[in-house]
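Structure, as structure tokens:
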Amino acid sequence: MSNEIDVRACTATSALVSAEYDLREFAAKDNIEVSIDWFELLQKQVYPDDPGVRYYFIAERNTPSIILPLRLTNKGGVKAIESLGNYYTSLYTPLLTNDSDLLSLRHILAFASCDHGGAHVMRFAPMDLESPAYKGLLSELRAIGWIPFKFFCFGNWFLTVDFNWDGYLKKRSANLRSSIKRRNKDFSAVGGTLEVVTNADGIEQEIAAFQEVYTASWKIPEPYPDFVPSLIRRLSTIGMLRLGIARLQGRPIAAQLWIVGEGKASIYKVAYSKEFGSLSPGTVLTAFLLKHVIEQDQVKEVDFLIGDDEYKKIWMNDRRERWGIVAYNPRTIIGFALLVKEVAGRTAKIIRKKIIEIFLKSQQLGSRASRIFRLKVFTPTQKSPRDQKMSWTIHPIAQFAEFKNEWDALVQSRPGTPFLGSAFLLPLLDIFGTGEEQLCLLHSDGQLCAAAIMQRRQKSIWQTFQPSQLPLGAWVTNGNVDLVSACRELMCRLPGLTLGIGVSQIDPRIQSRPHDSAKVRTQDYIETAWVDIEGCFETYWEARGKNLKQNSRKQRNKLQAEGIEIRIECITTPEEVNKAIEDYGSLESAGWKAADGTAILPDNAQGHFYRKMLENFCSMGRGRIYRYWFDDKVVAMDLCIHDDAVIVILKTAYDESYRAVSPSTLMRQDEFQQLFQEQKFLRIEFYGKVMEWHTRWTTQNRTLYHVTEYRWAWLKKLHARMSAPAEGPSQETSSPAQT
């Protein structure tokens, strides 16, 4: 080390105090997390016995000019240096003074690397992308010969305050203003009261109230139960506490921990009792505290901290991002290997992005062309629809096997729907079909450009083949066929007088949604979710919510403490499918689906279909069955199929006797980690209705829809009038073209 720069290290903040260093510059100001108090609390409650905690600092006389709190780890031979933090951390930064020289970071980083015996990788997250500290770490890592990369952590919603409470309300939506007014009135009418705690008077009673609410809420129990109470106590002594409590006739039913300091309010923890959800106590309390910090504390910013949760957008105006840094030491073998892996992953992501952009551009061109030429397909010279010689041919479904190669080629021309291939549809028709379905093929100049399997719903109404096992309706095109025009043409070709045609459960990613018209009705079906496989799994996992990460960690620790070995297995050979379906059936038959009559069993129709279908896909190298084990017991399974771009999770089951340790969640974490490491697919599709558990894994969703084409406009009006009483807010189970 340089003689001019004296880098020192200690393993606890108490050592800094004992050495009589002046730490007043590092006291909590606008953000408790950027203070020596925070790291003292974090170490005491989360890392009390961790030998890897370090505080590296440079001091002039008795005053440190910069402190870098870190944690040294060694897992699987990889020596890592990480920012001292965990899921409690919404913002990390080195502790700086007004006189800090960020150039000195290079000496601290080099010292830390040597202190760890030649570290391989460093990670700092989450940080402010625009902060001098972030830029300084990037620069100084390069200065000592390391190779740093940026990575996204999460979105951060906040509110810039330049108005009073009335001014804030005027800028919010009419729905929110009405909700606040109505909910406050209802809450007061039943004896509800609100208070904000700001000091240490009676603090233990208020902490007990907070914990009572937290226990009664949807929240997963804290793995470090003393952390938040200790934080509340500390905040109460330094004037930064804003603990909101909503009570109903004296009983606490909602609680929120806000932190206020030097013009900024941070919303740290929120919870309400599920029992009183109908009163919306969370909304009432948020409005109460927001008004308090705007009018009483006169803050200039309100920060909703971690995540892009939809409800945060209702209250806040602005969004920024928190990013991290991962850096590798190329002078070590392990560091260089990790660097190569990082570069390969990022290069693959760029290539995939370019491919997707090209694909989407071609889709836009195709969509534009279909609007111009309707049912025409591109040819060197423009021809009228008649000159194109396009026509539907109708065949008995028994002939499907004769056309399967042509059908499959059409499906494969637009990746993303492996379940629309013949390997899925043939066993589906065999087991769940009636034999009366019609195979409909649309050719243009000898080329298949659209195909469908239609079934008669009523005497004059036809709909795409749609058993519950099929995620989308049996309708495929090459992307250049107008859906409405194709339905209109098909209506004239199907047997008998056809009054309406319904195409059900259409994916807007595959077929753009047409506009409603005099003879066309579209209906929302469900919202479905997906996960993009971009970058490394660590980045994806870091972006997930606190509850998911916290719960997974807790369950793994519990299983490890009980000596239970967990492992994931991926079955891909057809010979193993039969036994796997037996195992899957055992899981479902022991749960609620058995009583409901929908469980997959080896000897029922469901079992026969999934066994045959998965054997087909595994024979093609396109089937996967994930089996999750606790010791020698199967506790969770996923049935999946895929093409070259997408893997689809068709079915999930788990042993309900292990519900307390969330086996399906642990399986999905390990499964997704493998998929991210493979980098074989662009995305993971669920193709089911978005449930609460989906939102833990992704924030992305889209709406599947139905389309009905009527022969006459008056028939659409009549159908709407007849079905109106039966149609409620949700159309999940409604079918198109049903009269």
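Residue numbers start at 1 in each chain; chains themselves are named A, B, ... in the order of the structure tokens; ligands are numbered from 1 in the order shown.
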**OP:** Do a neighbour search on region 555-562 of chain A at 9 Å with only C-alpha atoms, toss out local chain neighbours closer than 6 positions, and write the hits as a list in words.
**Re:**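 The filter keeps Phe630, Ala660, Val661, Ser662, Pro663 and Leu666 of chain A.
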May I have all residues of region 249-329 of chain A that DSSP, computed from the backbone, assigns to strand (DSSP E or B), given as an mmCIF file with N, CA, C and O atoms, in the first residue's frame?
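Full text of out_6.cif as output:
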data_model
loop_
_atom_site.group_PDB
_atom_site.id
_atom_site.type_symbol
_atom_site.label_atom_id
_atom_site.label_comp_id
_atom_site.auth_asym_id
_atom_site.auth_seq_id
_atom_site.Cartn_x
_atom_site.Cartn_y
_atom_site.Cartn_z
ATOM 1 N N ARG A 251 -58.386 -1.449 18.952
ATOM 2 C CA ARG A 251 -57.567 -2.564 18.453
ATOM 3 C C ARG A 251 -56.772 -2.132 17.222
ATOM 4 O O ARG A 251 -57.349 -1.614 16.259
ATOM 5 N N PRO A 252 -55.442 -2.304 17.216
ATOM 6 C CA PRO A 252 -54.650 -1.917 16.041
ATOM 7 C C PRO A 252 -54.963 -2.826 14.844
ATOM 8 O O PRO A 252 -54.926 -4.050 14.963
ATOM 9 N N ILE A 253 -55.300 -2.212 13.706
ATOM 10 C CA ILE A 253 -55.631 -3.004 12.507
ATOM 11 C C ILE A 253 -54.773 -2.626 11.301
ATOM 12 O O ILE A 253 -54.829 -3.294 10.264
ATOM 13 N N ALA A 254 -53.985 -1.561 11.403
ATOM 14 C CA ALA A 254 -53.051 -1.196 10.334
ATOM 15 C C ALA A 254 -51.888 -0.440 10.954
ATOM 16 O O ALA A 254 -52.047 0.277 11.947
ATOM 17 N N ALA A 255 -50.707 -0.618 10.381
ATOM 18 C CA ALA A 255 -49.515 0.059 10.893
ATOM 19 C C ALA A 255 -48.563 0.341 9.740
ATOM 20 O O ALA A 255 -48.450 -0.468 8.807
ATOM 21 N N GLN A 256 -47.908 1.486 9.809
ATOM 22 C CA GLN A 256 -46.936 1.853 8.787
ATOM 23 C C GLN A 256 -45.751 2.538 9.453
ATOM 24 O O GLN A 256 -45.931 3.412 10.305
ATOM 25 N N LEU A 257 -44.555 2.129 9.048
ATOM 26 C CA LEU A 257 -43.328 2.741 9.544
ATOM 27 C C LEU A 257 -42.765 3.664 8.475
ATOM 28 O O LEU A 257 -42.347 3.211 7.413
ATOM 29 N N TRP A 258 -42.801 4.970 8.756
ATOM 30 C CA TRP A 258 -42.213 5.977 7.883
ATOM 31 C C TRP A 258 -40.994 6.565 8.600
ATOM 32 O O TRP A 258 -40.950 6.636 9.835
ATOM 33 N N ILE A 259 -40.017 6.996 7.809
ATOM 34 C CA ILE A 259 -38.793 7.582 8.350
ATOM 35 C C ILE A 259 -38.641 8.977 7.756
ATOM 36 O O ILE A 259 -38.672 9.142 6.530
ATOM 37 N N VAL A 260 -38.480 9.982 8.600
ATOM 38 C CA VAL A 260 -38.402 11.371 8.136
ATOM 39 C C VAL A 260 -37.114 12.010 8.630
ATOM 40 O O VAL A 260 -36.764 11.908 9.815
ATOM 41 N N GLY A 261 -36.416 12.681 7.715
ATOM 42 C CA GLY A 261 -35.199 13.383 8.097
ATOM 43 C C GLY A 261 -34.787 14.380 7.046
ATOM 44 O O GLY A 261 -34.689 14.039 5.864
ATOM 45 N N LYS A 264 -37.021 14.703 3.787
ATOM 46 C CA LYS A 264 -37.371 13.491 3.048
ATOM 47 C C LYS A 264 -38.121 12.520 3.950
ATOM 48 O O LYS A 264 -37.730 12.291 5.098
ATOM 49 N N ALA A 265 -39.197 11.936 3.411
ATOM 50 C CA ALA A 265 -39.953 10.901 4.118
ATOM 51 C C ALA A 265 -39.856 9.606 3.322
ATOM 52 O O ALA A 265 -40.109 9.591 2.117
ATOM 53 N N SER A 266 -39.490 8.520 3.998
ATOM 54 C CA SER A 266 -39.365 7.208 3.356
ATOM 55 C C SER A 266 -40.387 6.257 3.961
ATOM 56 O O SER A 266 -40.494 6.141 5.182
ATOM 57 N N ILE A 267 -41.137 5.588 3.094
ATOM 58 C CA ILE A 267 -42.163 4.634 3.539
ATOM 59 C C ILE A 267 -41.498 3.263 3.629
ATOM 60 O O ILE A 267 -41.247 2.608 2.615
ATOM 61 N N TYR A 268 -41.215 2.819 4.857
ATOM 62 C CA TYR A 268 -40.353 1.650 5.035
ATOM 63 C C TYR A 268 -41.126 0.342 5.193
ATOM 64 O O TYR A 268 -40.772 -0.681 4.592
ATOM 65 N N LYS A 269 -42.162 0.320 6.017
ATOM 66 C CA LYS A 269 -42.933 -0.901 6.245
ATOM 67 C C LYS A 269 -44.420 -0.560 6.305
ATOM 68 O O LYS A 269 -44.814 0.412 6.953
ATOM 69 N N VAL A 270 -45.235 -1.360 5.623
ATOM 70 C CA VAL A 270 -46.691 -1.165 5.678
ATOM 71 C C VAL A 270 -47.352 -2.527 5.888
ATOM 72 O O VAL A 270 -46.898 -3.535 5.351
ATOM 73 N N ALA A 271 -48.443 -2.534 6.662
ATOM 74 C CA ALA A 271 -49.182 -3.780 6.894
ATOM 75 C C ALA A 271 -50.565 -3.442 7.427
ATOM 76 O O ALA A 271 -50.765 -2.392 8.041
ATOM 77 N N TYR A 272 -51.489 -4.323 7.166
ATOM 78 C CA TYR A 272 -52.820 -4.188 7.765
ATOM 79 C C TYR A 272 -53.380 -5.581 8.019
ATOM 80 O O TYR A 272 -52.982 -6.561 7.382
ATOM 81 N N GLU A 301 -39.648 15.543 -0.372
ATOM 82 C CA GLU A 301 -39.718 14.297 -1.148
ATOM 83 C C GLU A 301 -40.303 13.189 -0.282
ATOM 84 O O GLU A 301 -40.002 13.099 0.914
ATOM 85 N N VAL A 302 -41.149 12.356 -0.907
ATOM 86 C CA VAL A 302 -41.658 11.138 -0.275
ATOM 87 C C VAL A 302 -41.195 9.967 -1.125
ATOM 88 O O VAL A 302 -41.411 9.950 -2.338
ATOM 89 N N ASP A 303 -40.551 8.981 -0.495
ATOM 90 C CA ASP A 303 -39.914 7.873 -1.214
ATOM 91 C C ASP A 303 -40.596 6.559 -0.839
ATOM 92 O O ASP A 303 -40.669 6.202 0.333
ATOM 93 N N GLY A 307 -39.225 -1.267 -5.383
ATOM 94 C CA GLY A 307 -40.183 -2.005 -6.204
ATOM 95 C C GLY A 307 -41.122 -1.169 -7.050
ATOM 96 O O GLY A 307 -41.402 -0.006 -6.768
ATOM 97 N N ASP A 318 -43.225 10.170 -9.687
ATOM 98 C CA ASP A 318 -41.989 9.970 -10.440
ATOM 99 C C ASP A 318 -41.360 8.606 -10.142
ATOM 100 O O ASP A 318 -41.592 8.010 -9.096
ATOM 101 N N ARG A 319 -40.539 8.167 -11.073
ATOM 102 C CA ARG A 319 -39.839 6.890 -10.930
ATOM 103 C C ARG A 319 -38.372 7.069 -11.296
ATOM 104 O O ARG A 319 -38.035 7.741 -12.263
ATOM 105 N N ARG A 320 -37.516 6.453 -10.499
ATOM 106 C CA ARG A 320 -36.095 6.368 -10.821
ATOM 107 C C ARG A 320 -35.667 4.928 -10.609
ATOM 108 O O ARG A 320 -36.467 4.088 -10.192
ATOM 109 N N GLU A 321 -34.426 4.647 -10.881
ATOM 110 C CA GLU A 321 -33.963 3.259 -10.793
ATOM 111 C C GLU A 321 -32.767 3.145 -9.868
ATOM 112 O O GLU A 321 -31.959 4.073 -9.761
ATOM 113 N N ARG A 322 -32.701 2.018 -9.206
ATOM 114 C CA ARG A 322 -31.534 1.684 -8.407
ATOM 115 C C ARG A 322 -30.744 0.604 -9.150
ATOM 116 O O ARG A 322 -31.327 -0.366 -9.650
ATOM 117 N N TRP A 323 -29.455 0.798 -9.179
ATOM 118 C CA TRP A 323 -28.576 -0.102 -9.926
ATOM 119 C C TRP A 323 -27.474 -0.631 -9.016
ATOM 120 O O TRP A 323 -27.270 -0.143 -7.913
ATOM 121 N N GLY A 324 -26.823 -1.643 -9.510
ATOM 122 C CA GLY A 324 -25.714 -2.223 -8.782
ATOM 123 C C GLY A 324 -24.476 -2.311 -9.647
ATOM 124 O O GLY A 324 -24.495 -2.020 -10.846
ATOM 125 N N ILE A 325 -23.386 -2.712 -9.033
ATOM 126 C CA ILE A 325 -22.110 -2.922 -9.732
ATOM 127 C C ILE A 325 -21.610 -4.314 -9.382
ATOM 128 O O ILE A 325 -21.589 -4.694 -8.208
ATOM 129 N N VAL A 326 -21.243 -5.068 -10.377
ATOM 130 C CA VAL A 326 -20.531 -6.324 -10.153
ATOM 131 C C VAL A 326 -19.208 -6.215 -10.906
ATOM 132 O O VAL A 326 -19.174 -5.755 -12.052
ATOM 133 N N ALA A 327 -18.111 -6.563 -10.243
ATOM 134 C CA ALA A 327 -16.786 -6.414 -10.845
ATOM 135 C C ALA A 327 -15.983 -7.694 -10.638
ATOM 136 O O ALA A 327 -16.151 -8.384 -9.624
ATOM 137 N N TYR A 328 -15.108 -7.984 -11.593
ATOM 138 C CA TYR A 328 -14.333 -9.224 -11.563
ATOM 139 C C TYR A 328 -12.840 -8.922 -11.626
ATOM 140 O O TYR A 328 -12.399 -7.959 -12.274
#
Original post:
Of the candidates A:Gly250, A:Pro396, A:Gly416, A:Gly244, which shows the shortest atom-to-atom distance to Leu289 (chain A), using only C-alpha atoms?
Top reply: A:Gly244
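Proximity of A:Ile144, A:Val7, A:Met667, A:Met491 to Gln463 (chain A), computed with only C-alpha atoms, is greatest for A:Met491.
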**OP:** Just the residues within 8 Å of region 527-531 of chain A, please, counting only C-alpha atoms, with nothing from its chain fewer than 6 positions along; format it as an MDAnalysis selection string.
**Re:** chainID A and resid 683:690 694 697:704
Would you mind exporting N, CA and C atoms of the selected residues as a compact mmCIF listing (two decimals), in the first residue's frame?
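The resulting result06.txt:
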# COMPACT_ATOMS: atom_id res chain seq x y z
N ARG A 683 -38.18 -16.69 -22.96
CA ARG A 683 -39.10 -16.40 -21.85
C ARG A 683 -39.74 -17.68 -21.32
N ILE A 684 -40.31 -17.54 -20.13
CA ILE A 684 -41.09 -18.59 -19.47
C ILE A 684 -42.53 -18.14 -19.48
N GLU A 685 -43.43 -18.97 -20.01
CA GLU A 685 -44.85 -18.62 -20.08
C GLU A 685 -45.65 -19.45 -19.07
N PHE A 686 -46.62 -18.80 -18.43
CA PHE A 686 -47.53 -19.49 -17.51
C PHE A 686 -48.86 -19.86 -18.19
N TYR A 687 -49.35 -19.00 -19.06
CA TYR A 687 -50.59 -19.21 -19.80
C TYR A 687 -51.76 -19.64 -18.92
N GLY A 688 -51.83 -19.06 -17.75
CA GLY A 688 -52.99 -19.24 -16.88
C GLY A 688 -53.37 -17.88 -16.34
N LYS A 689 -54.48 -17.81 -15.66
CA LYS A 689 -54.91 -16.54 -15.07
C LYS A 689 -53.88 -16.06 -14.05
N VAL A 690 -53.55 -14.78 -14.11
CA VAL A 690 -52.60 -14.22 -13.16
C VAL A 690 -53.17 -14.33 -11.75
N HIS A 694 -48.22 -15.42 -8.96
CA HIS A 694 -47.50 -15.04 -10.19
C HIS A 694 -46.78 -13.71 -10.01
N TRP A 697 -43.23 -13.43 -9.00
CA TRP A 697 -42.19 -13.86 -9.94
C TRP A 697 -42.02 -12.92 -11.12
N THR A 698 -43.02 -12.09 -11.39
CA THR A 698 -42.94 -11.19 -12.54
C THR A 698 -43.95 -10.07 -12.38
N THR A 699 -43.66 -8.96 -13.03
CA THR A 699 -44.61 -7.85 -13.07
C THR A 699 -45.25 -7.72 -14.46
N GLN A 700 -44.93 -8.66 -15.35
CA GLN A 700 -45.38 -8.55 -16.74
C GLN A 700 -46.62 -9.41 -16.97
N ASN A 701 -47.60 -8.84 -17.65
CA ASN A 701 -48.78 -9.60 -18.02
C ASN A 701 -49.42 -9.01 -19.26
N ARG A 702 -50.25 -9.78 -19.91
CA ARG A 702 -51.00 -9.33 -21.08
C ARG A 702 -52.37 -9.99 -21.04
N THR A 703 -53.31 -9.48 -21.82
CA THR A 703 -54.68 -9.95 -21.77
C THR A 703 -54.99 -10.84 -22.97
N LEU A 704 -55.34 -12.10 -22.70
CA LEU A 704 -55.85 -12.97 -23.75
C LEU A 704 -57.30 -12.57 -24.03
Original post:
By how many Å are CA of Leu248 (chain A) and CA of Val190 (chain A) apart?
Top reply: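 Computing it gives 7.4 Å between the two atoms.
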Closest contacts (region 493-603 of chain A/region 121-143 of chain A, max 12 Å, only C-alpha atoms) as JSON lines:
{"residue": "A:Glu538", "atom": "CA", "partner": "A:Arg123", "partner_atom": "CA", "distance": 11.1}
{"residue": "A:Thr539", "atom": "CA", "partner": "A:Ala125", "partner_atom": "CA", "distance": 10.5}
{"residue": "A:Glu542", "atom": "CA", "partner": "A:Pro126", "partner_atom": "CA", "distance": 9.3}
{"residue": "A:Ala543", "atom": "CA", "partner": "A:Pro126", "partner_atom": "CA", "distance": 10.1}
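Pairwise distance (CA of Leu194 (chain A), CA of Tyr214 (chain A)) equals 16.8 Å.
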**OP:** Write out as a VMD selection string all residues of region 203-408 of chain A that DSSP puts in alpha helix (DSSP H) for this structure's backbone.
**Re:** chain A and resid 203 to 216 227 to 237 281 to 295 310 to 315 333 to 373 400 to 408
Subject >> Residue neighbourhood Phe537 (chain A), 8 Å, only C-alpha atoms, exclusion window fewer than 2 positions, as a list in words >> reply: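 My reading of the contact set: Gly535, Thr539, Tyr540, Trp541, Phe672, Gln673, Phe676 and Gln677 of chain A.
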Subject >> Long-range neighbours of Ser236 (chain A) as a list in words, 9 Å cut-off, only C-alpha atoms, 3 positions minimum in chain >> reply: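 Within the cut-off, the hits are Val197, Thr198, Asn199, Ala200, Asp201, Ile203, Leu231, Ile232, Arg233, Gly239, Met240, Leu241 and Arg242 of chain A.
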Dump as an mmCIF file, in the first residue's frame, selection limited to N, CA, C and O atoms:
data_model
loop_
_atom_site.group_PDB
_atom_site.id
_atom_site.type_symbol
_atom_site.label_atom_id
_atom_site.label_comp_id
_atom_site.auth_asym_id
_atom_site.auth_seq_id
_atom_site.Cartn_x
_atom_site.Cartn_y
_atom_site.Cartn_z
ATOM 1 N N VAL A 197 -46.874 8.242 15.825
ATOM 2 C CA VAL A 197 -45.929 8.234 16.946
ATOM 3 C C VAL A 197 -44.602 8.797 16.450
ATOM 4 O O VAL A 197 -44.071 8.337 15.429
ATOM 5 N N THR A 198 -44.064 9.777 17.174
ATOM 6 C CA THR A 198 -42.837 10.435 16.717
ATOM 7 C C THR A 198 -41.697 10.411 17.727
ATOM 8 O O THR A 198 -40.583 10.801 17.391
ATOM 9 N N ASN A 199 -41.961 9.951 18.951
ATOM 10 C CA ASN A 199 -40.895 9.957 19.958
ATOM 11 C C ASN A 199 -40.926 8.670 20.781
ATOM 12 O O ASN A 199 -41.702 7.758 20.502
ATOM 13 N N ALA A 200 -40.087 8.621 21.799
ATOM 14 C CA ALA A 200 -39.895 7.386 22.558
ATOM 15 C C ALA A 200 -40.909 7.174 23.675
ATOM 16 O O ALA A 200 -40.883 6.124 24.330
ATOM 17 N N ASP A 201 -41.819 8.106 23.887
ATOM 18 C CA ASP A 201 -42.814 7.947 24.945
ATOM 19 C C ASP A 201 -43.737 6.768 24.639
ATOM 20 O O ASP A 201 -44.411 6.748 23.602
ATOM 21 N N ILE A 203 -43.033 3.839 23.729
ATOM 22 C CA ILE A 203 -42.658 3.229 22.448
ATOM 23 C C ILE A 203 -42.843 1.713 22.440
ATOM 24 O O ILE A 203 -43.175 1.125 21.407
ATOM 25 N N LEU A 231 -35.029 -0.892 15.029
ATOM 26 C CA LEU A 231 -34.993 0.286 14.165
ATOM 27 C C LEU A 231 -35.966 1.351 14.675
ATOM 28 O O LEU A 231 -35.633 2.545 14.726
ATOM 29 N N ILE A 232 -37.166 0.928 15.070
ATOM 30 C CA ILE A 232 -38.164 1.870 15.591
ATOM 31 C C ILE A 232 -37.635 2.568 16.848
ATOM 32 O O ILE A 232 -37.763 3.791 17.004
ATOM 33 N N ARG A 233 -37.019 1.792 17.732
ATOM 34 C CA ARG A 233 -36.481 2.392 18.963
ATOM 35 C C ARG A 233 -35.412 3.438 18.633
ATOM 36 O O ARG A 233 -35.384 4.529 19.220
ATOM 37 N N GLY A 239 -35.499 11.486 16.487
ATOM 38 C CA GLY A 239 -36.492 12.355 15.875
ATOM 39 C C GLY A 239 -36.897 11.999 14.457
ATOM 40 O O GLY A 239 -37.553 12.807 13.782
ATOM 41 N N MET A 240 -36.553 10.802 13.973
ATOM 42 C CA MET A 240 -36.866 10.434 12.592
ATOM 43 C C MET A 240 -38.061 9.483 12.482
ATOM 44 O O MET A 240 -38.456 9.092 11.385
ATOM 45 N N LEU A 241 -38.659 9.129 13.608
ATOM 46 C CA LEU A 241 -39.747 8.153 13.599
ATOM 47 C C LEU A 241 -41.086 8.795 13.239
ATOM 48 O O LEU A 241 -41.470 9.828 13.797
ATOM 49 N N ARG A 242 -41.794 8.154 12.300
ATOM 50 C CA ARG A 242 -43.192 8.462 12.030
ATOM 51 C C ARG A 242 -43.899 7.104 11.920
ATOM 52 O O ARG A 242 -43.963 6.503 10.846
#
**OP:** Considering only C-alpha atoms, return as a list in words whatever protein or nucleic-acid residues lie within 10 Å of Ala605 (chain A), sequence-local ones (same chain, fewer than 6 positions apart) excluded.
**Re:**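 My reading of the contact set: Leu428, Ile431, Phe432 and Arg611 of chain A.
Residues with any atom within 9 Å of region 169-173 of chain A, counting only C-alpha atoms and excluding same-chain neighbours fewer than 6 positions away, are Ile314, Trp315, Met316 and Asn317 of chain A.
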Original post:
What does the distance between CA of Asp30 (chain A) and CA of Lys300 (chain A) come to in Å, to one decimal place?
Top reply: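 Separating CA of Asp30 (chain A) from CA of Lys300 (chain A) is a distance of 10.9 Å.
Distances to Cys618 (chain A) were evaluated for A:Ile355, A:Ile571, A:Ile333, A:Ile647 using only C-alpha atoms, and the minimum falls at A:Ile571.
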